[in-house]
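As structure tokens, the structure follows; a few thoughts come after it.
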2 protein chains.
Amino acid sequence: MDEAPALTAKQRQSRATQERLLAAGFDEFQGHGLAGARVDRIAAKAGANKRLIYVYFGDKERLFDEVIVRNVAAMLDTVPFDADDLVGYAERLMDYLEDRPELTRLFSWRNLERTDVSEAELVSYRNKVTQIARAQDGGRLDAAMPAVHVLAYVLGLVGAWTIASPALHQVAGPDGLRDLRRRSLREAVRRLLTAPPP
Amino acid sequence: MDEAPALTAKQRQSRATQERLLAAGFDEFQGHGLAGARVDRIAAKAGANKRLIYVYFGDKERLFDEVIVRNVAAMLDTVPFDADDLVGYAERLMDYLEDRPELTRLFSWRNLERTDVSEAELVSYRNKVTQIARAQDGGRLDAAMPAVHVLAYVLGLVGAWTIASPALHQVAGPDGLRDLRRRSLREAVRRLLTAPPP
DNA sequence: CCTTCGTAGGTAACTAGTTAGATACCGTAG
DNA sequence: CTACGGTATCTAACTAGTTACCTACGAAGG
């Protein structure tokens with residue numbers, strides 16, 4: 001997997017600086033978005049010179065894109081999709097996102113500020129839909145609605161709390177505790193996928 | 001209902017200017033958010049002088065807040081909540097939001113850029129939760145999960161498509177057509193509220 | 001009536017402070 | 001001794017908010 005890592009000390013330092021810039025960029029972008037982010041703050045947080053952002057990434061926008069790509073990839077790697085266990089998938093995804101509230105913020109900014117769609121993301125969604133459709137065809141999954149809809153609504157349920165207005169969280173109070181939310185999410189997804197009695 | 005409308009020509013003109021600024025603000029804010037919005041653009045779109053934003057609203061931020069308040073109020077007025085017909089409520093809300101895609105964008109920006117919670121919004125949510133709890137107590141609504149969760153997940157299903165990544169919409173293709181989505185949403189909410197067979 | 005004049009509504013131009021990105025230069029590993 | 005990684009500093013373009021000024025509506029006195 002790893003390439004021959006014949007790195008000089010200088011190269012290693014350079015990579016480390018890039019990583020610090022990416023981490024600082026994540027921090028800044030999740031907090032302020034692309035338009036609100038300040039290049040100087042990113043450099044300061046990274047303990048690096050502003051100039052290096054332009055050397056390594058081109059400009060602010062491309063740094064943003066790189067931050068997104070990395071975080072999407074990490075999420076896809078860590079939370080495996082399983083059309084035959086959508087309840088479990090939903091639960092794992094919820095846990096992943098709730099452990100990283102800043103990640104949801106970052107993705108929200110991206111949806112608002114960068115409209116273009118990456119090929120990788122398209123492929124990822126298409127795969128999921130195909131797997132769901134296959135499970136439906138095989139009779140292992142309820143087929144009351146198109147596969148894309150199943151995916152959309154499962155993701156809608158997962159995101160329900162993270163996109164909910166802060167006001168709703170405040171109203172939820174102790175009912176908003178994580179394991180209670182997780183139980184309800186499991187039940188909600190289960191119901192979504194089960195034909196109720198007529 | 002209407003106050004004595006003894007308005008001079010000047011006053012009427014002033015009101016009209018304020019309305020134009022609010023409309024232009026909506027347009028600018030839904031597109032660029034608070035940080036990305038440009039006061040000069042808002043004034044230009046409104047065909048008004050920049051100065052008037054400061055005269056009438058104080059500053060950019062307070063204009064933003066005013067735009068939010070108005071649009072939240074309009075939505076709450078137009079889409080009545082009914083704990084005994086959550087399927088219908090979900091459908092009406094989805095239609096309202098899908099007729100106004102910019103509105104969802106505006107609300108997303110607000111959730112990201114303005115963390116404070118208005119009292120009016122809290123009251124609105126509390127009322128809804130109370131109504132749901134009452135329907136549960138009266139046996140008219142499934143009580144498998146706390147009332148707040150019911151509300152959160154219904155709203156999650158409604159928002160599923162509007163918050164979905166553009167990539168998912170692209171994958172959906174013709175399956176993403178409105179009336180098909182509406183049918184699926186009705187079914188999804190119905191299932192959420194119906195205990196499935198064991 | 002009609003003329004005066006205060007003032008609400010509006011405008012143009014400016015300012016102080018940021019901001020993304022560029023230039024020119026330095027130090028040290030290799 | 002040179003090229004790569006890094007730094008300090010500059011700058012041109014913007015941007016939110018201000019200052020100073022204008023215009024004409026409409027009320028009030030004659």
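Scheme for the structure tokens: letters A, B, ... for chains in order shown; per-chain residue numbers from 1; ligand numbers from 1 in order shown.
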With all Cα atoms paired residue by residue, do a least-squares superposition of chain A on chain B and hand back the transformed coordinates as a PDB file with C-alpha atoms, in the first residue's frame.
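Output below, filename out.pdb:
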ATOM      1  CA  MET A   1     -55.596  43.356  12.605  1.00  0.00           C
ATOM      2  CA  ASP A   2     -54.181  46.224  10.569  1.00  0.00           C
ATOM      3  CA  GLU A   3     -53.144  49.368  12.353  1.00  0.00           C
ATOM      4  CA  ALA A   4     -54.717  52.641  11.269  1.00  0.00           C
ATOM      5  CA  PRO A   5     -52.802  53.119   8.023  1.00  0.00           C
ATOM      6  CA  ALA A   6     -52.643  56.896   8.049  1.00  0.00           C
ATOM      7  CA  LEU A   7     -49.466  56.919   6.026  1.00  0.00           C
ATOM      8  CA  THR A   8     -48.125  59.875   4.168  1.00  0.00           C
ATOM      9  CA  ALA A   9     -46.687  59.407   0.702  1.00  0.00           C
ATOM     10  CA  LYS A  10     -43.186  59.705   2.130  1.00  0.00           C
ATOM     11  CA  GLN A  11     -43.853  57.045   4.746  1.00  0.00           C
ATOM     12  CA  ARG A  12     -45.259  54.709   2.158  1.00  0.00           C
ATOM     13  CA  GLN A  13     -42.192  55.171   0.019  1.00  0.00           C
ATOM     14  CA  SER A  14     -39.996  54.515   3.039  1.00  0.00           C
ATOM     15  CA  ARG A  15     -41.812  51.265   3.824  1.00  0.00           C
ATOM     16  CA  ALA A  16     -41.515  50.211   0.207  1.00  0.00           C
ATOM     17  CA  THR A  17     -37.770  50.808   0.324  1.00  0.00           C
ATOM     18  CA  GLN A  18     -37.501  48.706   3.463  1.00  0.00           C
ATOM     19  CA  GLU A  19     -39.393  45.886   1.781  1.00  0.00           C
ATOM     20  CA  ARG A  20     -37.124  46.054  -1.248  1.00  0.00           C
ATOM     21  CA  LEU A  21     -34.090  45.899   1.012  1.00  0.00           C
ATOM     22  CA  LEU A  22     -35.514  42.859   2.800  1.00  0.00           C
ATOM     23  CA  ALA A  23     -36.249  41.120  -0.479  1.00  0.00           C
ATOM     24  CA  ALA A  24     -32.803  41.926  -1.828  1.00  0.00           C
ATOM     25  CA  GLY A  25     -31.305  40.779   1.470  1.00  0.00           C
ATOM     26  CA  PHE A  26     -33.146  37.470   1.207  1.00  0.00           C
ATOM     27  CA  ASP A  27     -31.773  37.000  -2.268  1.00  0.00           C
ATOM     28  CA  GLU A  28     -28.222  37.853  -1.284  1.00  0.00           C
ATOM     29  CA  PHE A  29     -28.190  35.926   2.000  1.00  0.00           C
ATOM     30  CA  GLN A  30     -29.642  32.733   0.584  1.00  0.00           C
ATOM     31  CA  GLY A  31     -26.982  32.797  -2.080  1.00  0.00           C
ATOM     32  CA  HIS A  32     -23.929  33.805  -0.066  1.00  0.00           C
ATOM     33  CA  GLY A  33     -24.759  33.534   3.610  1.00  0.00           C
ATOM     34  CA  LEU A  34     -24.075  36.232   6.171  1.00  0.00           C
ATOM     35  CA  ALA A  35     -20.285  36.363   5.820  1.00  0.00           C
ATOM     36  CA  GLY A  36     -20.376  36.103   2.039  1.00  0.00           C
ATOM     37  CA  ALA A  37     -23.152  38.642   1.539  1.00  0.00           C
ATOM     38  CA  ARG A  38     -22.119  42.061   0.248  1.00  0.00           C
ATOM     39  CA  VAL A  39     -23.899  45.121   1.511  1.00  0.00           C
ATOM     40  CA  ASP A  40     -23.306  46.941  -1.773  1.00  0.00           C
ATOM     41  CA  ARG A  41     -24.907  44.133  -3.762  1.00  0.00           C
ATOM     42  CA  ILE A  42     -27.957  44.183  -1.501  1.00  0.00           C
ATOM     43  CA  ALA A  43     -28.370  47.930  -1.983  1.00  0.00           C
ATOM     44  CA  ALA A  44     -27.898  47.616  -5.735  1.00  0.00           C
ATOM     45  CA  LYS A  45     -30.442  44.788  -6.020  1.00  0.00           C
ATOM     46  CA  ALA A  46     -32.916  46.808  -3.970  1.00  0.00           C
ATOM     47  CA  GLY A  47     -32.318  49.874  -6.114  1.00  0.00           C
ATOM     48  CA  ALA A  48     -31.658  51.728  -2.890  1.00  0.00           C
ATOM     49  CA  ASN A  49     -28.755  53.504  -1.302  1.00  0.00           C
ATOM     50  CA  LYS A  50     -26.452  51.456   0.908  1.00  0.00           C
ATOM     51  CA  ARG A  51     -26.844  53.981   3.657  1.00  0.00           C
ATOM     52  CA  LEU A  52     -30.493  53.059   4.110  1.00  0.00           C
ATOM     53  CA  ILE A  53     -29.587  49.590   5.308  1.00  0.00           C
ATOM     54  CA  TYR A  54     -27.922  51.223   8.300  1.00  0.00           C
ATOM     55  CA  VAL A  55     -30.760  53.676   8.789  1.00  0.00           C
ATOM     56  CA  TYR A  56     -33.482  51.027   8.774  1.00  0.00           C
ATOM     57  CA  PHE A  57     -31.819  47.919  10.151  1.00  0.00           C
ATOM     58  CA  GLY A  58     -28.676  48.942  11.981  1.00  0.00           C
ATOM     59  CA  ASP A  59     -26.162  46.728  10.243  1.00  0.00           C
ATOM     60  CA  LYS A  60     -25.799  43.721   7.963  1.00  0.00           C
ATOM     61  CA  GLU A  61     -26.259  41.221  10.767  1.00  0.00           C
ATOM     62  CA  ARG A  62     -29.496  42.745  11.965  1.00  0.00           C
ATOM     63  CA  LEU A  63     -30.826  42.861   8.424  1.00  0.00           C
ATOM     64  CA  PHE A  64     -30.045  39.148   8.222  1.00  0.00           C
ATOM     65  CA  ASP A  65     -31.890  38.470  11.468  1.00  0.00           C
ATOM     66  CA  GLU A  66     -34.894  40.407  10.258  1.00  0.00           C
ATOM     67  CA  VAL A  67     -34.984  38.429   7.018  1.00  0.00           C
ATOM     68  CA  ILE A  68     -34.895  35.202   9.023  1.00  0.00           C
ATOM     69  CA  VAL A  69     -37.623  36.256  11.438  1.00  0.00           C
ATOM     70  CA  ARG A  70     -39.955  37.229   8.627  1.00  0.00           C
ATOM     71  CA  ASN A  71     -39.461  34.026   6.706  1.00  0.00           C
ATOM     72  CA  VAL A  72     -39.817  31.792   9.728  1.00  0.00           C
ATOM     73  CA  ALA A  73     -43.036  33.580  10.645  1.00  0.00           C
ATOM     74  CA  ALA A  74     -44.395  33.237   7.104  1.00  0.00           C
ATOM     75  CA  MET A  75     -43.657  29.514   7.114  1.00  0.00           C
ATOM     76  CA  LEU A  76     -45.256  28.930  10.494  1.00  0.00           C
ATOM     77  CA  ASP A  77     -48.326  30.877   9.359  1.00  0.00           C
ATOM     78  CA  THR A  78     -48.681  29.046   6.090  1.00  0.00           C
ATOM     79  CA  VAL A  79     -47.961  25.468   7.165  1.00  0.00           C
ATOM     80  CA  PRO A  80     -50.186  24.654  10.136  1.00  0.00           C
ATOM     81  CA  PHE A  81     -49.020  21.928  12.479  1.00  0.00           C
ATOM     82  CA  ASP A  82     -51.339  19.026  13.265  1.00  0.00           C
ATOM     83  CA  ALA A  83     -50.153  16.308  15.642  1.00  0.00           C
ATOM     84  CA  ASP A  84     -53.099  14.134  14.600  1.00  0.00           C
ATOM     85  CA  ASP A  85     -52.081  14.254  10.955  1.00  0.00           C
ATOM     86  CA  LEU A  86     -48.325  14.229  10.874  1.00  0.00           C
ATOM     87  CA  VAL A  87     -48.348  12.600   7.450  1.00  0.00           C
ATOM     88  CA  GLY A  88     -50.293  15.540   6.054  1.00  0.00           C
ATOM     89  CA  TYR A  89     -48.133  18.020   7.936  1.00  0.00           C
ATOM     90  CA  ALA A  90     -44.965  16.470   6.565  1.00  0.00           C
ATOM     91  CA  GLU A  91     -46.377  16.573   3.060  1.00  0.00           C
ATOM     92  CA  ARG A  92     -47.424  20.217   3.296  1.00  0.00           C
ATOM     93  CA  LEU A  93     -44.093  21.223   4.785  1.00  0.00           C
ATOM     94  CA  MET A  94     -42.208  19.394   2.070  1.00  0.00           C
ATOM     95  CA  ASP A  95     -44.263  21.119  -0.603  1.00  0.00           C
ATOM     96  CA  TYR A  96     -43.726  24.498   1.012  1.00  0.00           C
ATOM     97  CA  LEU A  97     -39.967  24.020   1.208  1.00  0.00           C
ATOM     98  CA  GLU A  98     -39.602  22.508  -2.239  1.00  0.00           C
ATOM     99  CA  ASP A  99     -41.495  25.420  -3.746  1.00  0.00           C
ATOM    100  CA  ARG A 100     -38.869  27.630  -2.103  1.00  0.00           C
ATOM    101  CA  PRO A 101     -35.463  25.981  -2.400  1.00  0.00           C
ATOM    102  CA  GLU A 102     -33.786  29.258  -1.457  1.00  0.00           C
ATOM    103  CA  LEU A 103     -35.584  29.157   1.870  1.00  0.00           C
ATOM    104  CA  THR A 104     -33.878  25.938   2.919  1.00  0.00           C
ATOM    105  CA  ARG A 105     -30.564  27.458   1.932  1.00  0.00           C
ATOM    106  CA  LEU A 106     -31.311  30.541   3.993  1.00  0.00           C
ATOM    107  CA  PHE A 107     -32.172  28.452   7.044  1.00  0.00           C
ATOM    108  CA  SER A 108     -29.050  26.357   6.600  1.00  0.00           C
ATOM    109  CA  TRP A 109     -26.917  29.481   6.610  1.00  0.00           C
ATOM    110  CA  ARG A 110     -28.619  30.639   9.727  1.00  0.00           C
ATOM    111  CA  ASN A 111     -27.971  27.369  11.541  1.00  0.00           C
ATOM    112  CA  LEU A 112     -24.299  27.676  10.668  1.00  0.00           C
ATOM    113  CA  GLU A 113     -23.680  31.378  11.138  1.00  0.00           C
ATOM    114  CA  ARG A 114     -26.011  32.435  13.924  1.00  0.00           C
ATOM    115  CA  THR A 115     -26.041  30.089  16.862  1.00  0.00           C
ATOM    116  CA  ASP A 116     -28.418  32.003  19.090  1.00  0.00           C
ATOM    117  CA  VAL A 117     -31.957  30.675  19.531  1.00  0.00           C
ATOM    118  CA  SER A 118     -34.971  32.955  19.388  1.00  0.00           C
ATOM    119  CA  GLU A 119     -37.689  32.697  21.998  1.00  0.00           C
ATOM    120  CA  ALA A 120     -40.358  32.537  19.296  1.00  0.00           C
ATOM    121  CA  GLU A 121     -38.748  29.516  17.728  1.00  0.00           C
ATOM    122  CA  LEU A 122     -38.459  27.762  21.078  1.00  0.00           C
ATOM    123  CA  VAL A 123     -42.124  28.367  21.789  1.00  0.00           C
ATOM    124  CA  SER A 124     -43.088  27.043  18.385  1.00  0.00           C
ATOM    125  CA  TYR A 125     -41.150  23.814  18.922  1.00  0.00           C
ATOM    126  CA  ARG A 126     -42.409  23.383  22.461  1.00  0.00           C
ATOM    127  CA  ASN A 127     -45.992  23.689  21.249  1.00  0.00           C
ATOM    128  CA  LYS A 128     -45.469  21.041  18.630  1.00  0.00           C
ATOM    129  CA  VAL A 129     -43.886  18.650  21.099  1.00  0.00           C
ATOM    130  CA  THR A 130     -46.708  19.213  23.566  1.00  0.00           C
ATOM    131  CA  GLN A 131     -49.313  18.485  20.916  1.00  0.00           C
ATOM    132  CA  ILE A 132     -47.535  15.301  19.907  1.00  0.00           C
ATOM    133  CA  ALA A 133     -47.264  14.173  23.523  1.00  0.00           C
ATOM    134  CA  ARG A 134     -50.980  14.832  24.002  1.00  0.00           C
ATOM    135  CA  ALA A 135     -51.844  12.763  20.919  1.00  0.00           C
ATOM    136  CA  GLN A 136     -49.638   9.982  22.292  1.00  0.00           C
ATOM    137  CA  ASP A 137     -51.281  10.132  25.720  1.00  0.00           C
ATOM    138  CA  GLY A 138     -54.690  10.041  24.046  1.00  0.00           C
ATOM    139  CA  GLY A 139     -53.732   6.866  22.229  1.00  0.00           C
ATOM    140  CA  ARG A 140     -54.165   8.553  18.849  1.00  0.00           C
ATOM    141  CA  LEU A 141     -50.467   8.328  18.098  1.00  0.00           C
ATOM    142  CA  ASP A 142     -47.902   5.583  18.536  1.00  0.00           C
ATOM    143  CA  ALA A 143     -45.838   6.163  21.667  1.00  0.00           C
ATOM    144  CA  ALA A 144     -42.790   4.028  20.990  1.00  0.00           C
ATOM    145  CA  MET A 145     -40.484   7.016  21.259  1.00  0.00           C
ATOM    146  CA  PRO A 146     -40.484  10.366  23.079  1.00  0.00           C
ATOM    147  CA  ALA A 147     -42.502  13.158  21.467  1.00  0.00           C
ATOM    148  CA  VAL A 148     -39.399  15.222  20.674  1.00  0.00           C
ATOM    149  CA  HIS A 149     -37.953  12.287  18.791  1.00  0.00           C
ATOM    150  CA  VAL A 150     -41.101  11.908  16.751  1.00  0.00           C
ATOM    151  CA  LEU A 151     -40.863  15.557  15.762  1.00  0.00           C
ATOM    152  CA  ALA A 152     -37.130  15.337  15.036  1.00  0.00           C
ATOM    153  CA  TYR A 153     -37.508  12.303  12.798  1.00  0.00           C
ATOM    154  CA  VAL A 154     -40.556  13.615  10.955  1.00  0.00           C
ATOM    155  CA  LEU A 155     -38.585  16.782  10.213  1.00  0.00           C
ATOM    156  CA  GLY A 156     -35.590  14.650   9.300  1.00  0.00           C
ATOM    157  CA  LEU A 157     -37.660  12.803   6.712  1.00  0.00           C
ATOM    158  CA  VAL A 158     -39.082  16.058   5.348  1.00  0.00           C
ATOM    159  CA  GLY A 159     -35.616  17.519   5.075  1.00  0.00           C
ATOM    160  CA  ALA A 160     -34.045  14.344   3.724  1.00  0.00           C
ATOM    161  CA  TRP A 161     -34.063  15.509   0.118  1.00  0.00           C
ATOM    162  CA  THR A 162     -33.396  19.144   0.712  1.00  0.00           C
ATOM    163  CA  ILE A 163     -30.290  18.422   2.777  1.00  0.00           C
ATOM    164  CA  ALA A 164     -29.145  15.513   0.644  1.00  0.00           C
ATOM    165  CA  SER A 165     -25.858  16.047  -1.141  1.00  0.00           C
ATOM    166  CA  PRO A 166     -26.299  17.279  -4.721  1.00  0.00           C
ATOM    167  CA  ALA A 167     -24.626  14.022  -5.690  1.00  0.00           C
ATOM    168  CA  LEU A 168     -27.566  12.040  -4.350  1.00  0.00           C
ATOM    169  CA  HIS A 169     -29.997  14.119  -6.386  1.00  0.00           C
ATOM    170  CA  GLN A 170     -27.928  13.446  -9.451  1.00  0.00           C
ATOM    171  CA  VAL A 171     -27.989   9.712  -8.749  1.00  0.00           C
ATOM    172  CA  ALA A 172     -31.746   9.855  -8.147  1.00  0.00           C
ATOM    173  CA  GLY A 173     -32.376  11.159 -11.642  1.00  0.00           C
ATOM    174  CA  PRO A 174     -36.033  10.764 -12.654  1.00  0.00           C
ATOM    175  CA  ASP A 175     -36.741   8.953  -9.380  1.00  0.00           C
ATOM    176  CA  GLY A 176     -36.283  12.344  -7.787  1.00  0.00           C
ATOM    177  CA  LEU A 177     -39.458  13.726  -9.344  1.00  0.00           C
ATOM    178  CA  ARG A 178     -41.595  15.577  -6.900  1.00  0.00           C
ATOM    179  CA  ASP A 179     -44.777  13.497  -6.769  1.00  0.00           C
ATOM    180  CA  LEU A 180     -42.837  10.272  -6.475  1.00  0.00           C
ATOM    181  CA  ARG A 181     -40.849  11.792  -3.629  1.00  0.00           C
ATOM    182  CA  ARG A 182     -44.072  12.938  -2.009  1.00  0.00           C
ATOM    183  CA  ARG A 183     -45.552   9.433  -2.156  1.00  0.00           C
ATOM    184  CA  SER A 184     -42.434   7.972  -0.576  1.00  0.00           C
ATOM    185  CA  LEU A 185     -42.416  10.650   2.094  1.00  0.00           C
ATOM    186  CA  ARG A 186     -46.028   9.891   3.036  1.00  0.00           C
ATOM    187  CA  GLU A 187     -45.183   6.206   3.292  1.00  0.00           C
ATOM    188  CA  ALA A 188     -42.021   6.883   5.278  1.00  0.00           C
ATOM    189  CA  VAL A 189     -43.822   9.056   7.828  1.00  0.00           C
ATOM    190  CA  ARG A 190     -46.693   6.582   8.050  1.00  0.00           C
ATOM    191  CA  ARG A 191     -44.250   3.795   8.823  1.00  0.00           C
ATOM    192  CA  LEU A 192     -42.367   5.902  11.347  1.00  0.00           C
ATOM    193  CA  LEU A 193     -45.628   6.277  13.261  1.00  0.00           C
ATOM    194  CA  THR A 194     -46.874   2.705  12.967  1.00  0.00           C
ATOM    195  CA  ALA A 195     -45.653  -0.202  15.074  1.00  0.00           C
ATOM    196  CA  PRO A 196     -44.531  -2.937  12.670  1.00  0.00           C
ATOM    197  CA  PRO A 197     -45.436  -6.589  13.268  1.00  0.00           C
ATOM    198  CA  PRO A 198     -42.909  -8.303  15.578  1.00  0.00           C
TER     199      PRO A 198
END
Nearby residues (only C-alpha atoms (C1' of nucleotides)) at most 12 Å from segment 10-14 of chain D, same-chain spacing under 6 positions excluded, as a list in words: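 Within the cut-off, the hits are Arg38, Val39 and Asp40 of chain B; DG17, DT18, DT19, DA20, DG21, DA22, DT23 and DA24 of chain C.
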Can you tell me, as a PDB file with C-alpha atoms, in the first residue's frame, which residues in segment 10-101 of chain B count as alpha helix (DSSP H) by DSSP?
ATOM      1  CA  LYS B  10     -43.189  59.637   2.149  1.00  0.00           C
ATOM      2  CA  GLN B  11     -43.914  56.973   4.711  1.00  0.00           C
ATOM      3  CA  ARG B  12     -45.281  54.655   2.086  1.00  0.00           C
ATOM      4  CA  GLN B  13     -42.155  55.142   0.013  1.00  0.00           C
ATOM      5  CA  SER B  14     -40.021  54.440   3.064  1.00  0.00           C
ATOM      6  CA  ARG B  15     -41.853  51.195   3.796  1.00  0.00           C
ATOM      7  CA  ALA B  16     -41.481  50.168   0.199  1.00  0.00           C
ATOM      8  CA  THR B  17     -37.743  50.781   0.354  1.00  0.00           C
ATOM      9  CA  GLN B  18     -37.490  48.655   3.481  1.00  0.00           C
ATOM     10  CA  GLU B  19     -39.384  45.861   1.777  1.00  0.00           C
ATOM     11  CA  ARG B  20     -37.092  46.047  -1.237  1.00  0.00           C
ATOM     12  CA  LEU B  21     -34.061  45.882   1.053  1.00  0.00           C
ATOM     13  CA  LEU B  22     -35.488  42.835   2.816  1.00  0.00           C
ATOM     14  CA  ALA B  23     -36.207  41.110  -0.479  1.00  0.00           C
ATOM     15  CA  ALA B  24     -32.753  41.925  -1.803  1.00  0.00           C
ATOM     16  CA  GLY B  25     -31.258  40.759   1.502  1.00  0.00           C
ATOM     17  CA  PHE B  26     -33.101  37.455   1.218  1.00  0.00           C
ATOM     18  CA  ASP B  27     -31.731  36.997  -2.257  1.00  0.00           C
ATOM     19  CA  GLU B  28     -28.173  37.853  -1.268  1.00  0.00           C
ATOM     20  CA  PHE B  29     -28.142  35.912   2.008  1.00  0.00           C
ATOM     21  CA  GLN B  30     -29.611  32.718   0.577  1.00  0.00           C
ATOM     22  CA  GLY B  31     -26.926  32.788  -2.073  1.00  0.00           C
ATOM     23  CA  HIS B  32     -23.883  33.813  -0.072  1.00  0.00           C
ATOM     24  CA  GLY B  33     -24.719  33.524   3.603  1.00  0.00           C
ATOM     25  CA  LEU B  34     -24.045  36.211   6.186  1.00  0.00           C
ATOM     26  CA  ALA B  35     -20.254  36.331   5.831  1.00  0.00           C
ATOM     27  CA  GLY B  36     -20.338  36.110   2.051  1.00  0.00           C
ATOM     28  CA  VAL B  39     -23.873  45.118   1.594  1.00  0.00           C
ATOM     29  CA  ASP B  40     -23.250  46.957  -1.661  1.00  0.00           C
ATOM     30  CA  ARG B  41     -24.840  44.173  -3.675  1.00  0.00           C
ATOM     31  CA  ILE B  42     -27.908  44.191  -1.452  1.00  0.00           C
ATOM     32  CA  ALA B  43     -28.314  47.929  -1.901  1.00  0.00           C
ATOM     33  CA  ALA B  44     -27.824  47.643  -5.653  1.00  0.00           C
ATOM     34  CA  LYS B  45     -30.380  44.818  -5.963  1.00  0.00           C
ATOM     35  CA  ALA B  46     -32.856  46.830  -3.915  1.00  0.00           C
ATOM     36  CA  ARG B  51     -26.827  53.961   3.828  1.00  0.00           C
ATOM     37  CA  LEU B  52     -30.503  53.028   4.232  1.00  0.00           C
ATOM     38  CA  ILE B  53     -29.579  49.550   5.402  1.00  0.00           C
ATOM     39  CA  TYR B  54     -27.930  51.175   8.406  1.00  0.00           C
ATOM     40  CA  VAL B  55     -30.779  53.608   8.913  1.00  0.00           C
ATOM     41  CA  TYR B  56     -33.500  50.967   8.841  1.00  0.00           C
ATOM     42  CA  PHE B  57     -31.835  47.852  10.209  1.00  0.00           C
ATOM     43  CA  LYS B  60     -25.783  43.691   8.021  1.00  0.00           C
ATOM     44  CA  GLU B  61     -26.243  41.165  10.808  1.00  0.00           C
ATOM     45  CA  ARG B  62     -29.494  42.677  12.008  1.00  0.00           C
ATOM     46  CA  LEU B  63     -30.814  42.807   8.464  1.00  0.00           C
ATOM     47  CA  PHE B  64     -30.030  39.105   8.246  1.00  0.00           C
ATOM     48  CA  ASP B  65     -31.877  38.421  11.491  1.00  0.00           C
ATOM     49  CA  GLU B  66     -34.872  40.378  10.285  1.00  0.00           C
ATOM     50  CA  VAL B  67     -34.963  38.404   7.037  1.00  0.00           C
ATOM     51  CA  ILE B  68     -34.881  35.167   9.041  1.00  0.00           C
ATOM     52  CA  VAL B  69     -37.599  36.216  11.457  1.00  0.00           C
ATOM     53  CA  ARG B  70     -39.934  37.202   8.648  1.00  0.00           C
ATOM     54  CA  ASN B  71     -39.440  34.005   6.715  1.00  0.00           C
ATOM     55  CA  VAL B  72     -39.800  31.779   9.749  1.00  0.00           C
ATOM     56  CA  ALA B  73     -43.007  33.576  10.661  1.00  0.00           C
ATOM     57  CA  ALA B  74     -44.362  33.228   7.136  1.00  0.00           C
ATOM     58  CA  MET B  75     -43.633  29.508   7.142  1.00  0.00           C
ATOM     59  CA  LEU B  76     -45.235  28.921  10.518  1.00  0.00           C
ATOM     60  CA  ASP B  77     -48.292  30.873   9.406  1.00  0.00           C
ATOM     61  CA  THR B  78     -48.657  29.051   6.124  1.00  0.00           C
ATOM     62  CA  LEU B  86     -48.297  14.250  10.910  1.00  0.00           C
ATOM     63  CA  VAL B  87     -48.341  12.635   7.481  1.00  0.00           C
ATOM     64  CA  GLY B  88     -50.297  15.567   6.103  1.00  0.00           C
ATOM     65  CA  TYR B  89     -48.132  18.043   7.973  1.00  0.00           C
ATOM     66  CA  ALA B  90     -44.969  16.478   6.586  1.00  0.00           C
ATOM     67  CA  GLU B  91     -46.378  16.615   3.086  1.00  0.00           C
ATOM     68  CA  ARG B  92     -47.436  20.254   3.344  1.00  0.00           C
ATOM     69  CA  LEU B  93     -44.089  21.236   4.814  1.00  0.00           C
ATOM     70  CA  MET B  94     -42.218  19.416   2.085  1.00  0.00           C
ATOM     71  CA  ASP B  95     -44.266  21.158  -0.585  1.00  0.00           C
ATOM     72  CA  TYR B  96     -43.733  24.519   1.036  1.00  0.00           C
ATOM     73  CA  LEU B  97     -39.965  24.036   1.215  1.00  0.00           C
ATOM     74  CA  GLU B  98     -39.606  22.534  -2.235  1.00  0.00           C
ATOM     75  CA  ASP B  99     -41.496  25.438  -3.728  1.00  0.00           C
ATOM     76  CA  PRO B 101     -35.459  25.995  -2.410  1.00  0.00           C
TER      77      PRO B 101
END
At most 8 Å to chain B: residues in chain C, only C-alpha atoms (C1' of nucleotides), as a PyMOL selection string: chain C and resi 8-11
Output C-alpha atoms (C1' of nucleotides) of each residue in that selection to a file, as a JSON list (two decimals), in the first residue's frame.
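Full text of result.json as output:
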[["chain", "number", "residue", "atom", "x", "y", "z"],
["C", 8, "DA", "C1'", -38.00, 62.66, 6.80],
["C", 9, "DG", "C1'", -36.08, 60.23, 3.14],
["C", 10, "DG", "C1'", -32.39, 59.75, 0.14],
["C", 11, "DT", "C1'", -27.58, 60.32, -2.11]]
Neighbours of chain B in chain D at 8 Å, counting only C-alpha atoms (C1' of nucleotides), as a PyMOL selection string: chain D and resi 15-16+25
Selection from above, C-alpha atoms (C1' of nucleotides), as a PDB file, in the first residue's frame, can you write it?
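Saved the output as out-v6.pdb:
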ATOM      1  C1'  DT D  15     -15.735  46.121   2.411  1.00  0.00           C
ATOM      2  C1'  DA D  16     -18.616  47.565   6.383  1.00  0.00           C
ATOM      3  C1'  DC D  25     -43.171  66.649   1.172  1.00  0.00           C
TER       4       DC D  25
END
Atom C1' of DG17 of chain D to atom C1' of DT15 of chain C, distance in Å rounded to a single decimal: 9.3 Å
Point-to-point distance from atom C1' of DA16 of chain C to atom C1' of DT18 of chain D, Å rounded to tenths: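 Distance between the two atoms: 10.3 Å.
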Interatomic distance (Å, one decimal) between atom C1' of DA13 of chain C and atom C1' of DA24 of chain D: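 Computing it gives 22.2 Å between the two atoms.
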Polymer residues at most 10 Å from DA12 of chain C, only C-alpha atoms (C1' of nucleotides), same-chain spacing of 5 or more positions, as an mmCIF file with C-alpha atoms (C1' of nucleotides), in the first residue's frame:
data_model
loop_
_atom_site.group_PDB
_atom_site.id
_atom_site.type_symbol
_atom_site.label_atom_id
_atom_site.label_comp_id
_atom_site.auth_asym_id
_atom_site.auth_seq_id
_atom_site.Cartn_x
_atom_site.Cartn_y
_atom_site.Cartn_z
ATOM 1 C CA ASN B 49 -28.700 53.503 -1.169
ATOM 2 C "C1'" DA D 20 -21.731 65.602 5.005
ATOM 3 C "C1'" DC D 21 -24.915 67.053 2.050
ATOM 4 C "C1'" DC D 22 -29.201 67.434 -0.867
#
